[in-house]
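Here is the structure we will look at.
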Amino acid sequence: MRDIKNNLDGVSSIDPASTTATTNGSGVDLRDYDGAMMMFQAGTADTGNGDETYTPGVEESDDNSSYSAVAASDLEGALANMTANSVQRIGYKGAKRYIRAVLPLGGTTPSINASAVVVRGLPHRSPSA
């Protein structure tokens, strides 16, 4: 069996929490890694009014200060509206040093328990962490 523990590193961008407003995660430094993916996890989600939306996204930055949405061509896969008790993942193929998760909320009474982790891979040196 191949070892992945020493070749992957998970860093929280959005800590697990109940949120009722759009959330910007913490930036994660990709220096010394040649690959990354973002994993979003949702627990309970309010869908009582039927118009609530929880569509995650990924932003990138050169300086961990000014962020912009990642172009679709720099993502591997696609993200959809989060539903209760679900996990979504998307790969990052861009060249920026930092990425972060974003979770825009919309609708009448949005409320969701959610988190996001950046999984960094292909480290320049192992073990990673």
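Letters for chains follow the order of the structure tokens (A, B, ...), residue numbers begin at 1 for each chain, and ligand numbers begin at 1 in the order shown.
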Quick one: contact table of segment 37-70 of chain A to segment 8-26 of chain A, 10 Å max, nearest atom pair and distance in Å to one decimal per residue, counting only C-alpha atoms, chain and number order, as a tab-separated table?
residue	atom	partner	partner_atom	distance
A:Met37	CA	A:Gly10	CA	9.6
A:Met38	CA	A:Ser13	CA	9.0
A:Met39	CA	A:Ser12	CA	9.6
A:Phe40	CA	A:Ile14	CA	8.8
A:Gln41	CA	A:Pro16	CA	8.6
A:Ala42	CA	A:Pro16	CA	8.9
A:Gly43	CA	A:Ser18	CA	9.0
A:Thr44	CA	A:Ser18	CA	8.7
A:Ala45	CA	A:Ser18	CA	9.0
A:Asp46	CA	A:Thr20	CA	9.6
A:Tyr54	CA	A:Thr22	CA	8.8
A:Thr55	CA	A:Thr22	CA	9.9
A:Pro56	CA	A:Thr23	CA	9.5
A:Gly57	CA	A:Asn24	CA	9.6
A:Val58	CA	A:Gly25	CA	9.4
A:Glu59	CA	A:Asn24	CA	9.1
A:Asn64	CA	A:Ser26	CA	8.8
For N, CA and C atoms, I'd like the residues from the last selection saved as a CSV table (one decimal), in the first residue's frame.
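See again_6.csv below for the written result:
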chain,number,residue,atom,x,y,z
A,37,MET,N,-6.5,20.7,-3.4
A,37,MET,CA,-7.9,20.6,-3.6
A,37,MET,C,-8.6,21.1,-2.4
A,38,MET,N,-9.9,21.6,-2.6
A,38,MET,CA,-10.7,22.1,-1.5
A,38,MET,C,-11.8,21.1,-1.2
A,39,MET,N,-12.1,20.9,0.1
A,39,MET,CA,-13.2,20.0,0.4
A,39,MET,C,-14.2,20.8,1.3
A,40,PHE,N,-15.4,20.9,0.9
A,40,PHE,CA,-16.5,21.5,1.7
A,40,PHE,C,-17.4,20.5,2.3
A,41,GLN,N,-17.7,20.7,3.6
A,41,GLN,CA,-18.6,19.7,4.3
A,41,GLN,C,-19.8,20.5,4.9
A,42,ALA,N,-21.0,20.0,4.7
A,42,ALA,CA,-22.2,20.7,5.3
A,42,ALA,C,-22.8,19.7,6.3
A,43,GLY,N,-23.3,20.2,7.4
A,43,GLY,CA,-24.1,19.4,8.3
A,43,GLY,C,-25.6,19.8,8.0
A,44,THR,N,-26.2,20.3,9.1
A,44,THR,CA,-27.6,20.8,8.9
A,44,THR,C,-27.7,22.1,8.1
A,45,ALA,N,-28.7,22.2,7.4
A,45,ALA,CA,-28.9,23.4,6.5
A,45,ALA,C,-30.4,23.8,6.6
A,46,ASP,N,-30.7,25.1,6.8
A,46,ASP,CA,-32.1,25.6,6.7
A,46,ASP,C,-32.6,25.7,5.3
A,54,TYR,N,-26.6,27.9,-0.7
A,54,TYR,CA,-25.2,27.8,-0.1
A,54,TYR,C,-24.3,27.2,-1.1
A,55,THR,N,-23.8,28.1,-2.0
A,55,THR,CA,-23.0,27.7,-3.1
A,55,THR,C,-21.5,28.1,-2.9
A,56,PRO,N,-20.7,27.1,-2.6
A,56,PRO,CA,-19.3,27.3,-2.2
A,56,PRO,C,-18.4,27.8,-3.4
A,57,GLY,N,-17.3,28.4,-3.1
A,57,GLY,CA,-16.4,28.8,-4.2
A,57,GLY,C,-15.0,28.8,-3.7
A,58,VAL,N,-14.0,29.1,-4.6
A,58,VAL,CA,-12.6,29.1,-4.3
A,58,VAL,C,-12.1,30.4,-4.8
A,59,GLU,N,-11.3,31.1,-4.0
A,59,GLU,CA,-10.6,32.4,-4.4
A,59,GLU,C,-9.1,32.2,-4.3
A,64,ASN,N,-2.1,37.0,-0.1
A,64,ASN,CA,-2.9,36.6,1.0
A,64,ASN,C,-3.7,37.8,1.6
Give me the residues near Thr47 of chain A as number ranges by chain, where near means some atom within 10 Å (using only C-alpha atoms) and where sequence neighbours in that chain fewer than 3 positions away do not count. A: 44, 50-53, 83-84, 107-112
Rounded to one decimal place, report the atom CA of Leu79 of chain A-atom CA of Ala101 of chain A distance in Å.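 If I compute the distance from atom CA of Leu79 of chain A to atom CA of Ala101 of chain A, I get 11.7 Å.
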Name the residues of segment 34-99 of chain A that fall into strand (DSSP E or B) according to DSSP on the backbone, using the chain letters and numbers of this document, as a PyMOL selection string. chain A and resi 34-45+53-54+57-61+68-69+75-76+86-92+98-99
Go ahead and write the residues just picked, C-alpha atoms, as an mmCIF file, in the first residue's frame.
data_model
loop_
_atom_site.group_PDB
_atom_site.id
_atom_site.type_symbol
_atom_site.label_atom_id
_atom_site.label_comp_id
_atom_site.auth_asym_id
_atom_site.auth_seq_id
_atom_site.Cartn_x
_atom_site.Cartn_y
_atom_site.Cartn_z
ATOM 1 C CA ASP A 34 2.460 21.359 -6.386
ATOM 2 C CA GLY A 35 -1.175 20.335 -5.929
ATOM 3 C CA ALA A 36 -4.250 21.288 -3.921
ATOM 4 C CA MET A 37 -7.939 20.588 -3.591
ATOM 5 C CA MET A 38 -10.716 22.103 -1.502
ATOM 6 C CA MET A 39 -13.222 20.023 0.446
ATOM 7 C CA PHE A 40 -16.489 21.534 1.711
ATOM 8 C CA GLN A 41 -18.642 19.727 4.270
ATOM 9 C CA ALA A 42 -22.170 20.659 5.316
ATOM 10 C CA GLY A 43 -24.138 19.401 8.282
ATOM 11 C CA THR A 44 -27.610 20.767 8.914
ATOM 12 C CA ALA A 45 -28.935 23.427 6.541
ATOM 13 C CA THR A 53 -28.676 28.894 -1.257
ATOM 14 C CA TYR A 54 -25.247 27.756 -0.095
ATOM 15 C CA GLY A 57 -16.399 28.785 -4.166
ATOM 16 C CA VAL A 58 -12.617 29.120 -4.271
ATOM 17 C CA GLU A 59 -10.633 32.362 -4.379
ATOM 18 C CA GLU A 60 -6.914 32.887 -5.049
ATOM 19 C CA SER A 61 -4.288 35.490 -4.183
ATOM 20 C CA SER A 68 -10.432 37.061 -6.551
ATOM 21 C CA ALA A 69 -12.538 34.161 -7.793
ATOM 22 C CA LEU A 75 -10.471 24.324 -11.286
ATOM 23 C CA GLU A 76 -10.855 20.584 -11.675
ATOM 24 C CA SER A 86 -23.017 16.542 2.093
ATOM 25 C CA VAL A 87 -19.396 16.824 0.995
ATOM 26 C CA GLN A 88 -18.068 18.463 -2.175
ATOM 27 C CA ARG A 89 -14.520 18.630 -3.471
ATOM 28 C CA ILE A 90 -12.797 20.561 -6.225
ATOM 29 C CA GLY A 91 -9.216 20.590 -7.482
ATOM 30 C CA TYR A 92 -7.112 23.732 -7.893
ATOM 31 C CA TYR A 98 -2.736 31.342 -1.641
ATOM 32 C CA ILE A 99 -6.269 29.983 -1.905
#
When you draw a straight line from atom CA of Asp29 of chain A to atom CA of Arg97 of chain A, how long is it in Å? 5.9 Å
From a backbone DSSP assignment, name each residue in chain A labelled helix (DSSP H, G or I), as a count of residues only. 6
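Taking only C-alpha atoms into account, Asn85 of chain A lies nearest to A:Ser115 out of the set A:Ser115, A:Pro104, A:Ser73, A:Tyr67.
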Grab the atom CA of Ala78 of chain A to atom CA of Val119 of chain A distance for me, in Å with one decimal place.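 Atom CA of Ala78 of chain A sits 16.5 Å away from atom CA of Val119 of chain A.
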